[in-house]
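Structure first, then comments.
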Protein chains: 4
Amino acid sequence: MTKILGDKKIVKINNEISIGENPVIIAGPCSVESEESLNKTVSMLKEVGVDILRGGAFKPRTSPYTFQGLGEEGLKILYKVGKSFNLPIISELMDEKYLGIFLKYVDIIQIGSRNMYNYPLLKTVGQTDKPILLKRGMSATIYEWSMAAEYIASYGNSNIILCERGIRSYDNYTRNTLDLAAVPIMKKETGLPIIVDPSHGTGRRELIEPMSKAALACGADGIMVEVHHNPDEALSDSEQTIGIDMYKKLFANIGR
Amino acid sequence: MTKILGDKKIVKINNEISIGENPVIIAGPCSVESEESLNKTVSMLKEVGVDILRGGAFKPRTSPYTFQGLGEEGLKILYKVGKSFNLPIISELMDEKYLGIFLKYVDIIQIGSRNMYNYPLLKTVGQTDKPILLKRGMSATIYEWSMAAEYIASYGNSNIILCERGIRSYDNYTRNTLDLAAVPIMKKETGLPIIVDPSHGTGRRELIEPMSKAALACGADGIMVEVHHNPDEALSDSEQTIGIDMYKKLFANIGR
Amino acid sequence: MTKILGDKKIVKINNEISIGENPVIIAGPCSVESEESLNKTVSMLKEVGVDILRGGAFKPRTSPYTFQGLGEEGLKILYKVGKSFNLPIISELMDEKYLGIFLKYVDIIQIGSRNMYNYPLLKTVGQTDKPILLKRGMSATIYEWSMAAEYIASYGNSNIILCERGIRSYDNYTRNTLDLAAVPIMKKETGLPIIVDPSHGTGRRELIEPMSKAALACGADGIMVEVHHNPDEALSDSEQTIGIDMYKKLFANIGR
Amino acid sequence: MTKILGDKKIVKINNEISIGENPVIIAGPCSVESEESLNKTVSMLKEVGVDILRGGAFKPRTSPYTFQGLGEEGLKILYKVGKSFNLPIISELMDEKYLGIFLKYVDIIQIGSRNMYNYPLLKTVGQTDKPILLKRGMSATIYEWSMAAEYIASYGNSNIILCERGIRSYDNYTRNTLDLAAVPIMKKETGLPIIVDPSHGTGRRELIEPMSKAALACGADGIMVEVHHNPDEALSDSEQTIGIDMYKKLFANIGR
């Protein structure tokens with residue numbers, strides 16, 4: 001299906017982490033809420049072990065009336081905390097006009113599910129050399145997702161990490177249906193490393209660990225999980241965010 | 001669900017057409033291909049009857065390697081042909097950076113399915129006073145779609161026309177599953193006028209007429225159909241584009 | 001796709017009603033609850049106008065602990081009330097072992113959504129000469145549904161009426177997604193008459209009328225609706241059952 | 001949700017195999033084709049290692065014109081071959097009238113996807129004491145599936161093994177979407193052991209191994225796979241059936 005993508009690809013983050021070799025763990029809060037709160041979460045994560053820090057600054061929210069993230073301020077906090085703990089950071093870019101500050105502050109630019117079909121945005125990040133984490137659209141086919149990656153690659157940037165985060169299905173028991181078969185399929189179709197996000201993929205804390213294990217067992221190159229030092233008080237996605245105890249158990253049980 | 005939207009709304013186009021009163025027909029080719037070709041199609045449409053001219057200039061395509069539309073050049077052709085036939089025009093805006101030329105050339109800005117969740121774009125068009133046609137995302141819920149409209153309204157622009165264009169389902173007999181129950185539902189939830197697009201909603205020529213009739217029967221404020229003077233040679237969406245004979249029959253049979 | 005089915009077919013009920021010519025209305029309660037209750041509902045229906053009486057005696061329920069219908073007793077009540085009002089009756093057969101009493105009491109045997117793939121049951125009713133109403137499976141493709149009808153026909157019985165009752169989709173705003181494009185499609189693929197059930201198809205009273213109109217506008221041969229003299233007290237499917245006032249309005253507005 | 005089910009349950013097969021303790025492998029051809037063919041496949045399986053033999057005798061097929069299985073003859077062959085290799089057998093019961101021969105010949109009765117909502121059949125097998133393998137309906141919710149198990153249990157038989165076999169989704173790259181989150185969910189909701197069928201769950205040979213590993217990693221109590229000594233010539237489901245070389249590799253790589 002693809003023309004440029006296809007061969008196995010390792011994506012380097014800051015010449016330190018190689019995504020596509022050993023599995024990585026990306027963890028952090030859904031949203032950056034304050035420097036103090038983020039520091040608390042990250043110091044706990046760091047004690048257990050973590051490879052990359054995630055945190056939302058610009059949040060795509062279904063309602064215009066819910067918390068939209070701290071914006072540029074949030075990005076700076078994430079940058080500062082990342083630096084102080086020596087962790088690369090990833091955050092979601094929704095709007096081309098913030099590309100400059102993303103290039104400056106983040107190590108990986110995330111393109112979220114809602115923007116997988118936003119071709120102008122894909123072209124824009126395709127013209128940078130930043131690693132891009134491309135989430136699957138909420139009902140994207142394998143072909144559409146592969147081609148969204150190809151859009152980025154066709155503009156010159158093949159530093160792409162895929163992220164399976166669940167697809168929309170008919171049952172609302174879980175928030176989404178985690179489609180793990182996409183892991184071996186997308187590796188074969190694109191050669192790109194792929195990360196699994198069991199937090200959005202299930203929407204339920206108790207499923208994070210079993211689905212993380214399953215993801216790694218079928219070849220995922222890492223997992224991305226929402227962790228908060230006090231998950232019940234997280235400003236967004238609280239029901240799918242785990243606390244540090246569950247994270248510790250997860251970390252141990254996936255063999256890290 | 002909504003705060004601003006809710007009461008019945010009529011959207012005026014150029015002080016001439018009132019969407020939300022009598023049903024309107026929006027017709028035209030999937031893509032603007034050339035001035036000559038568009039002239040040919042529109043002269044035929046005009047002879048039968050048509051209210052608004054549609055035509056894609058910037059085309060969101062799944063593959064980066066297929067025809068992406070004529071861009072600004074296409075928009076100018078659409079504008080010129082619209083003027084010469086005295087028809088208001090609608091075209092899809094994918095990228096904020098072209099807002100200026102859209103404000104100049106088109107009468108209605110279309111936000112396509114792939115951009116229904118593109119909140120920065122919704123905010124941008126919410127700050128204009130142009131009528132906006134907001135297509136439903138390919139697997140958007142009623143709540144998400146209502147809230148996407150509310151995003152636009154919350155930035156000041158309530159001149160919104162909704163467009164049901166089919167949702168993604170498990171059967172590939174049709175391109176999408178036209179969800180006509182969304183017509184009375186969205187009118188109740190948002191008060192906005194709603195147009196149905198049976199071309200994308202089914203992907204099959206022979207279904208355009210029966211589904212147009214069904215749409216109008218359950219309260220749709222109009223239909224939007226892809227028509228080309230030579231549909232088999234259309235550069236995009238050929239299988240769902242009707243020719244002038246089918247259009248004539250459609251026009252007559254929906255009681256216009 | 002089909003071998004036997006394909007040509008346009010009119011299904012005769014008791015040599016009186018021809019399904020596939022003028023649209024028919026099938027109405028009645030979700031479940032037969034008592035003779036008194038059914039009499040009350042039917043006398044009201046009869047006053048407005050109705051062609052065929054529906055009523056469930058054997059009810060397929062998701063939970064083994066909810067009301068399962070009155071069984072054979074319910075069928076006898078339905079038969080008696082149908083006779084006294086001179087209305088043909090339809091009821092759902094779930095289990096081959098009751099075929100005998102269905103052949104004796106009902107005019108149309110309904111195969112419900114949950115049994116569309118129950119091939120032994122399809123073969124059984126295919127060996128009778130009773131008219132069969134075959135509902136679409138809750139996520140059946142056009143091909144699967146056509147082939148389920150072909151199963152019945154291949155055993156000798158082509159007196160088949162199809163019934164679109166909504167498919168399963170990702171949004172729970174409505175109970176199901178009414179797929180009206182299936183109306184012209186199934187008529188073309190099988191030649192069989194097709195009825196639309198907006199009660200199950202939407203699960204919401206206020207959508208019965210607009211979706212009935214839409215169904216008839218795209219060629220449906222009739223509608224099947226749940227009506228109860230006191231819908232809020234119906235023992236099953238209360239939220240989608242309309243009362244006699246809404247039925248009267250529906251009847252008038254669909255031009256009967 | 002359930003009343004009877006809920007506590008952790010081990011299902012014993014012939015007092016030899018305990019499903020719900022160590023993972024088991026159920027393998028065999030989609031359909032029993034002949035004694036010779038089955039012998040060939042099973043002798044190969046036995047050499048590698050296998051716990052339970054599967055084979056279809058009565059096949060639910062979408063078209064009435066495709067191979068429907070050898071019926072009773074097939075069941076006898078399966079029984080004979082199972083005996084000669086000392087393997088318990090499982091086969092699908094579609095029709096209550098064959099219950100007698102199933103009770104006589106098979107060790108586990110399979111209720112297939114198409115019959116998950118066939119409540120009379122569930123009640124019938126609920127009145128036996130045979131172990132029942134209950135496949136998930138092709139678009140069954142967690143609630144519906146749990147309740148289908150509860151139907152069986154409510155009639156007295158709690159020897160139930162669940163089987164996740166993929167759900168229907170919008171992408172036809174795979175035959176179904178394997179919903180592995182259902183593994184921990186159903187164990188929690190019902191306490192029953194659960195098997196995963198990656199053959200139907202993906203429809204593609206190359207995905208059998210990665211998805212088997214993922215299934216076991218998230219807690220599945222075993223896998224069920226379609227194996228044939230010459231998969232390209234299998235009479236049904238050829239594209240998802242693996243040969244003995246792939247089976248050998250699978251067996252080794254899942255740590256058996």
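Every chain in the structure tokens has a letter given in the order shown (A, B, ...), and although residue numbers restart at 1 in each chain, ligands are simply numbered from 1 in the order shown.
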Provide as an NGL selection string the residues of chain C at most 8 Å from chain D, counting only C-alpha atoms. :C and (60 or 62-64 or 94-95 or 114-115 or 117-120 or 138-139 or 144 or 147-148 or 150-151 or 154 or 168)
Go ahead and dump the residues you just picked, C-alpha atoms, as a short mmCIF file (atom, residue, chain, number, x, y, z; two decimals), in the first residue's frame.
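So out-v7.cif came out as:
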data_model
loop_
_atom_site.label_atom_id
_atom_site.label_comp_id
_atom_site.auth_asym_id
_atom_site.auth_seq_id
_atom_site.Cartn_x
_atom_site.Cartn_y
_atom_site.Cartn_z
CA PRO C 60 -36.31 -13.59 23.13
CA THR C 62 -31.31 -10.87 26.82
CA SER C 63 -31.69 -11.82 30.47
CA PRO C 64 -33.17 -15.15 31.56
CA MET C 94 -38.03 -18.95 18.22
CA ASP C 95 -38.16 -22.68 18.58
CA ARG C 114 -31.52 -13.10 16.96
CA ASN C 115 -32.48 -16.03 14.75
CA TYR C 117 -28.49 -16.99 11.40
CA ASN C 118 -30.40 -19.93 12.89
CA TYR C 119 -30.21 -22.04 9.75
CA PRO C 120 -32.06 -25.07 11.11
CA MET C 138 -28.49 -7.09 14.37
CA SER C 139 -25.25 -6.82 12.48
CA GLU C 144 -25.90 -12.57 4.85
CA MET C 147 -28.70 -15.58 1.91
CA ALA C 148 -30.84 -16.16 4.99
CA GLU C 150 -32.41 -17.78 0.18
CA TYR C 151 -32.13 -20.55 2.82
CA SER C 154 -34.20 -23.07 -1.13
CA ARG C 168 -25.89 -2.13 15.66
#
As a compact mmCIF listing (two decimals) with all heavy atoms, in the first residue's frame, list the residues of segment 3-233 of chain B assigned to strand (DSSP E or B) by DSSP on the backbone atoms of this structure.
# COMPACT_ATOMS: atom_id res chain seq x y z
N VAL B 11 -30.76 29.61 8.20
CA VAL B 11 -29.49 30.18 7.75
C VAL B 11 -29.67 30.82 6.38
O VAL B 11 -30.08 30.16 5.42
CB VAL B 11 -28.36 29.12 7.74
CG1 VAL B 11 -27.06 29.72 7.22
CG2 VAL B 11 -28.16 28.54 9.13
N LYS B 12 -29.36 32.10 6.31
CA LYS B 12 -29.53 32.86 5.06
C LYS B 12 -28.24 32.82 4.25
O LYS B 12 -27.15 33.04 4.80
CB LYS B 12 -29.80 34.34 5.40
CG LYS B 12 -31.17 34.61 5.98
CD LYS B 12 -32.16 34.91 4.84
CE LYS B 12 -33.49 35.38 5.40
NZ LYS B 12 -34.48 35.52 4.30
N ILE B 13 -28.39 32.56 2.96
CA ILE B 13 -27.22 32.61 2.07
C ILE B 13 -27.39 33.82 1.15
O ILE B 13 -28.31 33.85 0.33
CB ILE B 13 -27.13 31.32 1.21
CG1 ILE B 13 -27.30 30.05 2.06
CG2 ILE B 13 -25.82 31.28 0.42
CD1 ILE B 13 -26.28 29.85 3.14
N ILE B 17 -31.26 32.87 -0.29
CA ILE B 17 -31.74 31.52 0.01
C ILE B 17 -31.83 31.37 1.52
O ILE B 17 -30.91 31.77 2.24
CB ILE B 17 -30.78 30.48 -0.59
CG1 ILE B 17 -30.75 30.65 -2.12
CG2 ILE B 17 -31.20 29.08 -0.21
CD1 ILE B 17 -29.74 29.77 -2.79
N SER B 18 -32.91 30.76 1.99
CA SER B 18 -33.07 30.53 3.42
C SER B 18 -33.03 29.03 3.67
O SER B 18 -33.99 28.32 3.35
CB SER B 18 -34.40 31.08 3.90
OG SER B 18 -34.43 32.48 3.75
N ILE B 19 -31.94 28.54 4.23
CA ILE B 19 -31.87 27.11 4.50
C ILE B 19 -32.53 26.85 5.84
O ILE B 19 -32.19 27.45 6.85
CB ILE B 19 -30.42 26.60 4.45
CG1 ILE B 19 -29.79 26.98 3.09
CG2 ILE B 19 -30.38 25.10 4.68
CD1 ILE B 19 -28.46 26.37 2.81
N VAL B 24 -33.58 22.73 -0.14
CA VAL B 24 -32.70 23.22 -1.20
C VAL B 24 -31.94 22.06 -1.83
O VAL B 24 -31.79 21.00 -1.22
CB VAL B 24 -31.67 24.24 -0.66
CG1 VAL B 24 -32.38 25.49 -0.14
CG2 VAL B 24 -30.81 23.62 0.43
N ILE B 25 -31.45 22.30 -3.04
CA ILE B 25 -30.59 21.31 -3.69
C ILE B 25 -29.22 21.93 -3.94
O ILE B 25 -29.09 22.97 -4.60
CB ILE B 25 -31.16 20.84 -5.03
CG1 ILE B 25 -32.56 20.24 -4.83
CG2 ILE B 25 -30.24 19.77 -5.64
CD1 ILE B 25 -33.12 19.60 -6.08
N ILE B 26 -28.23 21.27 -3.38
CA ILE B 26 -26.84 21.66 -3.61
C ILE B 26 -26.28 20.61 -4.55
O ILE B 26 -26.35 19.42 -4.25
CB ILE B 26 -26.05 21.69 -2.29
CG1 ILE B 26 -26.74 22.60 -1.26
CG2 ILE B 26 -24.61 22.11 -2.52
CD1 ILE B 26 -26.11 22.55 0.14
N ALA B 27 -25.75 21.02 -5.68
CA ALA B 27 -25.25 20.03 -6.63
C ALA B 27 -23.99 20.54 -7.30
O ALA B 27 -23.71 21.74 -7.30
CB ALA B 27 -26.32 19.71 -7.68
N GLY B 28 -23.25 19.60 -7.87
CA GLY B 28 -22.02 19.95 -8.57
C GLY B 28 -21.06 18.79 -8.52
O GLY B 28 -21.33 17.77 -7.89
N SER B 31 -14.96 17.21 -7.60
CA SER B 31 -13.82 18.12 -7.72
C SER B 31 -14.04 19.09 -8.88
O SER B 31 -14.58 18.71 -9.91
CB SER B 31 -12.53 17.36 -8.05
OG SER B 31 -12.25 16.41 -7.08
N ILE B 52 -27.67 25.78 -5.13
CA ILE B 52 -26.32 26.13 -4.71
C ILE B 52 -25.36 25.20 -5.44
O ILE B 52 -25.66 24.02 -5.65
CB ILE B 52 -26.17 25.95 -3.17
CG1 ILE B 52 -27.10 26.94 -2.43
CG2 ILE B 52 -24.73 26.13 -2.73
CD1 ILE B 52 -27.29 26.65 -0.95
N LEU B 53 -24.21 25.74 -5.81
CA LEU B 53 -23.22 24.96 -6.55
C LEU B 53 -22.12 24.45 -5.62
O LEU B 53 -21.52 25.23 -4.89
CB LEU B 53 -22.61 25.85 -7.65
CG LEU B 53 -21.45 25.25 -8.46
CD1 LEU B 53 -21.88 24.01 -9.21
CD2 LEU B 53 -20.89 26.31 -9.42
N ARG B 54 -21.86 23.16 -5.66
CA ARG B 54 -20.76 22.62 -4.87
C ARG B 54 -19.60 22.23 -5.78
O ARG B 54 -19.81 21.92 -6.97
CB ARG B 54 -21.20 21.40 -4.06
CG ARG B 54 -21.70 20.23 -4.89
CD ARG B 54 -21.36 18.90 -4.23
NE ARG B 54 -19.93 18.69 -4.31
CZ ARG B 54 -19.21 17.99 -3.44
NH1 ARG B 54 -19.81 17.40 -2.44
NH2 ARG B 54 -17.90 17.85 -3.59
N GLY B 56 -15.24 20.73 -5.17
CA GLY B 56 -14.07 20.64 -4.32
C GLY B 56 -12.85 21.24 -4.99
O GLY B 56 -12.56 20.93 -6.15
N ILE B 89 -21.94 29.52 -4.00
CA ILE B 89 -21.08 28.33 -4.05
C ILE B 89 -20.62 27.89 -2.66
O ILE B 89 -20.54 28.68 -1.72
CB ILE B 89 -19.84 28.56 -4.95
CG1 ILE B 89 -18.95 29.68 -4.38
CG2 ILE B 89 -20.25 28.86 -6.38
CD1 ILE B 89 -17.63 29.81 -5.11
N ILE B 90 -20.35 26.60 -2.59
CA ILE B 90 -19.83 25.99 -1.36
C ILE B 90 -18.62 25.16 -1.71
O ILE B 90 -18.59 24.48 -2.74
CB ILE B 90 -20.91 25.13 -0.66
CG1 ILE B 90 -20.31 24.41 0.55
CG2 ILE B 90 -21.55 24.12 -1.60
CD1 ILE B 90 -21.34 23.71 1.43
N SER B 91 -17.58 25.22 -0.85
CA SER B 91 -16.39 24.41 -1.07
C SER B 91 -15.75 24.11 0.28
O SER B 91 -16.01 24.81 1.27
CB SER B 91 -15.40 25.13 -1.99
OG SER B 91 -14.47 24.20 -2.55
N GLU B 92 -14.96 23.05 0.32
CA GLU B 92 -14.41 22.60 1.60
C GLU B 92 -13.10 23.29 1.96
O GLU B 92 -12.14 23.28 1.19
CB GLU B 92 -14.20 21.08 1.57
CG GLU B 92 -13.60 20.59 2.89
CD GLU B 92 -13.49 19.08 2.99
OE1 GLU B 92 -14.02 18.36 2.11
OE2 GLU B 92 -12.87 18.60 3.97
N ILE B 108 -20.55 29.59 1.21
CA ILE B 108 -20.67 28.69 2.35
C ILE B 108 -19.34 27.94 2.48
O ILE B 108 -18.83 27.41 1.50
CB ILE B 108 -21.79 27.64 2.16
CG1 ILE B 108 -23.13 28.34 1.82
CG2 ILE B 108 -21.94 26.76 3.40
CD1 ILE B 108 -24.26 27.35 1.46
N ILE B 109 -18.81 27.91 3.69
CA ILE B 109 -17.57 27.15 3.92
C ILE B 109 -17.96 25.76 4.43
O ILE B 109 -18.69 25.63 5.40
CB ILE B 109 -16.69 27.84 4.99
CG1 ILE B 109 -16.15 29.17 4.45
CG2 ILE B 109 -15.53 26.92 5.40
CD1 ILE B 109 -15.35 29.96 5.49
N GLN B 110 -17.46 24.75 3.74
CA GLN B 110 -17.73 23.37 4.20
C GLN B 110 -16.60 22.88 5.09
O GLN B 110 -15.43 23.02 4.76
CB GLN B 110 -17.87 22.45 2.99
CG GLN B 110 -18.06 20.99 3.39
CD GLN B 110 -18.28 20.10 2.20
OE1 GLN B 110 -19.00 20.44 1.26
NE2 GLN B 110 -17.66 18.93 2.20
N ILE B 111 -16.98 22.32 6.25
CA ILE B 111 -16.02 21.59 7.08
C ILE B 111 -16.32 20.12 6.83
O ILE B 111 -17.43 19.65 7.10
CB ILE B 111 -16.19 21.93 8.58
CG1 ILE B 111 -15.99 23.44 8.81
CG2 ILE B 111 -15.23 21.10 9.43
CD1 ILE B 111 -14.60 23.96 8.55
N ILE B 132 -21.56 28.17 7.61
CA ILE B 132 -20.67 27.00 7.68
C ILE B 132 -21.51 25.74 7.49
O ILE B 132 -22.52 25.58 8.17
CB ILE B 132 -19.99 26.90 9.07
CG1 ILE B 132 -19.29 28.21 9.46
CG2 ILE B 132 -19.03 25.71 9.13
CD1 ILE B 132 -18.20 28.66 8.53
N LEU B 133 -21.10 24.87 6.59
CA LEU B 133 -21.76 23.57 6.49
C LEU B 133 -20.85 22.57 7.20
O LEU B 133 -19.71 22.35 6.79
CB LEU B 133 -22.00 23.17 5.04
CG LEU B 133 -22.74 21.84 4.87
CD1 LEU B 133 -23.86 21.97 3.83
CD2 LEU B 133 -21.79 20.73 4.45
N LEU B 134 -21.37 21.99 8.28
CA LEU B 134 -20.56 21.10 9.12
C LEU B 134 -20.96 19.65 8.89
O LEU B 134 -22.01 19.19 9.34
CB LEU B 134 -20.76 21.45 10.60
CG LEU B 134 -20.02 20.57 11.61
CD1 LEU B 134 -18.51 20.72 11.50
CD2 LEU B 134 -20.48 20.87 13.04
N LYS B 135 -20.12 18.92 8.20
CA LYS B 135 -20.40 17.50 7.95
C LYS B 135 -20.14 16.69 9.22
O LYS B 135 -19.29 17.05 10.03
CB LYS B 135 -19.54 16.99 6.80
CG LYS B 135 -20.03 17.47 5.43
CD LYS B 135 -19.45 16.60 4.31
CE LYS B 135 -20.38 16.57 3.10
NZ LYS B 135 -19.98 15.51 2.14
N ILE B 160 -24.88 27.97 11.00
CA ILE B 160 -24.36 26.62 10.78
C ILE B 160 -25.44 25.76 10.13
O ILE B 160 -26.60 25.78 10.55
CB ILE B 160 -23.93 25.98 12.12
CG1 ILE B 160 -22.93 26.88 12.84
CG2 ILE B 160 -23.34 24.59 11.87
CD1 ILE B 160 -22.76 26.53 14.32
N ILE B 161 -25.02 25.03 9.12
CA ILE B 161 -25.89 24.05 8.46
C ILE B 161 -25.23 22.70 8.71
O ILE B 161 -24.03 22.54 8.44
CB ILE B 161 -25.96 24.31 6.94
CG1 ILE B 161 -26.40 25.75 6.66
CG2 ILE B 161 -26.86 23.29 6.26
CD1 ILE B 161 -25.82 26.31 5.37
N LEU B 162 -25.98 21.74 9.21
CA LEU B 162 -25.40 20.42 9.42
C LEU B 162 -25.52 19.60 8.15
O LEU B 162 -26.36 19.88 7.29
CB LEU B 162 -26.14 19.72 10.56
CG LEU B 162 -26.08 20.45 11.91
CD1 LEU B 162 -27.05 19.82 12.89
CD2 LEU B 162 -24.65 20.43 12.47
N CYS B 163 -24.69 18.58 8.02
CA CYS B 163 -24.79 17.69 6.86
C CYS B 163 -24.52 16.25 7.27
O CYS B 163 -23.39 15.90 7.64
CB CYS B 163 -23.85 18.13 5.75
SG CYS B 163 -23.91 17.03 4.31
N GLU B 164 -25.58 15.42 7.19
CA GLU B 164 -25.44 13.98 7.43
C GLU B 164 -24.92 13.35 6.14
O GLU B 164 -25.51 13.52 5.08
CB GLU B 164 -26.79 13.38 7.82
CG GLU B 164 -26.95 11.88 7.66
CD GLU B 164 -26.04 11.05 8.55
OE1 GLU B 164 -25.69 11.52 9.65
OE2 GLU B 164 -25.68 9.92 8.15
N ILE B 167 -22.41 7.18 8.13
CA ILE B 167 -21.44 6.80 9.15
C ILE B 167 -20.81 5.47 8.74
O ILE B 167 -21.30 4.76 7.89
CB ILE B 167 -22.08 6.68 10.55
CG1 ILE B 167 -23.28 5.72 10.52
CG2 ILE B 167 -22.48 8.05 11.06
CD1 ILE B 167 -23.86 5.43 11.90
N THR B 177 -23.07 4.13 5.90
CA THR B 177 -24.46 3.86 6.27
C THR B 177 -25.13 5.19 6.55
O THR B 177 -24.78 5.87 7.52
CB THR B 177 -24.51 2.94 7.51
OG1 THR B 177 -23.95 1.67 7.15
CG2 THR B 177 -25.94 2.73 7.98
N ILE B 194 -30.53 20.97 8.49
CA ILE B 194 -29.67 19.83 8.16
C ILE B 194 -29.92 19.36 6.74
O ILE B 194 -31.06 19.23 6.30
CB ILE B 194 -29.84 18.69 9.19
CG1 ILE B 194 -28.94 17.51 8.86
CG2 ILE B 194 -31.27 18.26 9.34
CD1 ILE B 194 -28.80 16.50 9.99
N ILE B 195 -28.81 19.15 6.07
CA ILE B 195 -28.78 18.72 4.67
C ILE B 195 -28.32 17.26 4.66
O ILE B 195 -27.54 16.87 5.52
CB ILE B 195 -27.71 19.57 3.92
CG1 ILE B 195 -28.09 21.05 3.89
CG2 ILE B 195 -27.41 19.03 2.54
CD1 ILE B 195 -29.26 21.36 3.01
N VAL B 196 -28.79 16.48 3.70
CA VAL B 196 -28.32 15.09 3.60
C VAL B 196 -27.54 14.92 2.31
O VAL B 196 -27.93 15.43 1.26
CB VAL B 196 -29.50 14.10 3.68
CG1 VAL B 196 -29.07 12.69 3.30
CG2 VAL B 196 -30.09 14.12 5.09
N GLY B 222 -32.69 19.83 2.84
CA GLY B 222 -32.13 19.84 1.50
C GLY B 222 -31.23 18.65 1.29
O GLY B 222 -31.02 17.83 2.20
N ILE B 223 -30.75 18.52 0.08
CA ILE B 223 -29.82 17.45 -0.24
C ILE B 223 -28.62 18.03 -0.97
O ILE B 223 -28.70 19.11 -1.57
CB ILE B 223 -30.47 16.35 -1.11
CG1 ILE B 223 -31.09 16.97 -2.38
CG2 ILE B 223 -31.52 15.58 -0.31
CD1 ILE B 223 -31.48 15.92 -3.41
N MET B 224 -27.52 17.33 -0.86
CA MET B 224 -26.30 17.74 -1.58
C MET B 224 -25.84 16.53 -2.38
O MET B 224 -25.57 15.47 -1.81
CB MET B 224 -25.22 18.16 -0.59
CG MET B 224 -23.91 18.50 -1.28
SD MET B 224 -22.90 19.70 -0.36
CE MET B 224 -22.23 18.68 0.92
N VAL B 225 -25.77 16.69 -3.69
CA VAL B 225 -25.44 15.54 -4.55
C VAL B 225 -24.30 15.87 -5.51
O VAL B 225 -24.14 17.00 -5.94
CB VAL B 225 -26.66 15.07 -5.38
CG1 VAL B 225 -27.70 14.40 -4.48
CG2 VAL B 225 -27.31 16.20 -6.16
N GLU B 226 -23.53 14.82 -5.80
CA GLU B 226 -22.44 14.97 -6.76
C GLU B 226 -22.96 14.69 -8.17
O GLU B 226 -23.48 13.60 -8.44
CB GLU B 226 -21.29 14.03 -6.39
CG GLU B 226 -20.64 14.46 -5.07
CD GLU B 226 -19.40 13.67 -4.71
OE1 GLU B 226 -19.22 12.55 -5.24
OE2 GLU B 226 -18.61 14.17 -3.89
N VAL B 227 -22.80 15.68 -9.04
CA VAL B 227 -23.27 15.57 -10.42
C VAL B 227 -22.13 15.99 -11.34
O VAL B 227 -21.37 16.91 -11.02
CB VAL B 227 -24.49 16.50 -10.66
CG1 VAL B 227 -25.08 16.26 -12.05
CG2 VAL B 227 -25.56 16.32 -9.60
Would you list, as a ChimeraX atom specification, the residues of segment 45-253 of chain A that end up in helix (DSSP H, G or I) under DSSP run on this structure's backbone? /A:45-48,72-85,96-105,113-115,119-126,142-154,182-190,198-202,205-217,231-233,238-240,244-253
Please indicate the distance in Å from atom CA of Glu35 of chain D to atom CA of Asp51 of chain D, rounded to one decimal place. 19.6 Å
Of the candidates B:Ile101, B:Ile185, B:Leu5, B:Val32, which shows the shortest atom-to-atom distance to Arg204 of chain C, using only C-alpha atoms?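 So, comparing all the options, the nearest one is B:Ile185.
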All residues 8 Å or closer to Asp129 of chain B, only C-alpha atoms, same chain fewer than 6 positions away omitted, as a PDB file with N, CA and C atoms, in the first residue's frame:
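out-v4.pdb, written as the output of this step:
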ATOM      1  N   GLY B 156     -18.914  32.547  18.194  1.00  0.00           N
ATOM      2  CA  GLY B 156     -19.663  33.690  17.693  1.00  0.00           C
ATOM      3  C   GLY B 156     -20.462  33.481  16.419  1.00  0.00           C
ATOM      4  N   ASN B 157     -20.266  32.363  15.739  1.00  0.00           N
ATOM      5  CA  ASN B 157     -20.951  32.169  14.462  1.00  0.00           C
ATOM      6  C   ASN B 157     -21.984  31.046  14.566  1.00  0.00           C
ATOM      7  N   ASN B 159     -24.320  30.638  12.196  1.00  0.00           N
ATOM      8  CA  ASN B 159     -24.817  30.352  10.842  1.00  0.00           C
ATOM      9  C   ASN B 159     -24.325  28.989  10.385  1.00  0.00           C
TER      10      ASN B 159
END
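Of the residues listed (A:Gly20, A:Gly6, A:Gly203, A:Gly74), A:Gly74 shows the shortest atom-to-atom separation from Phe102 of chain A; distances use only C-alpha atoms.
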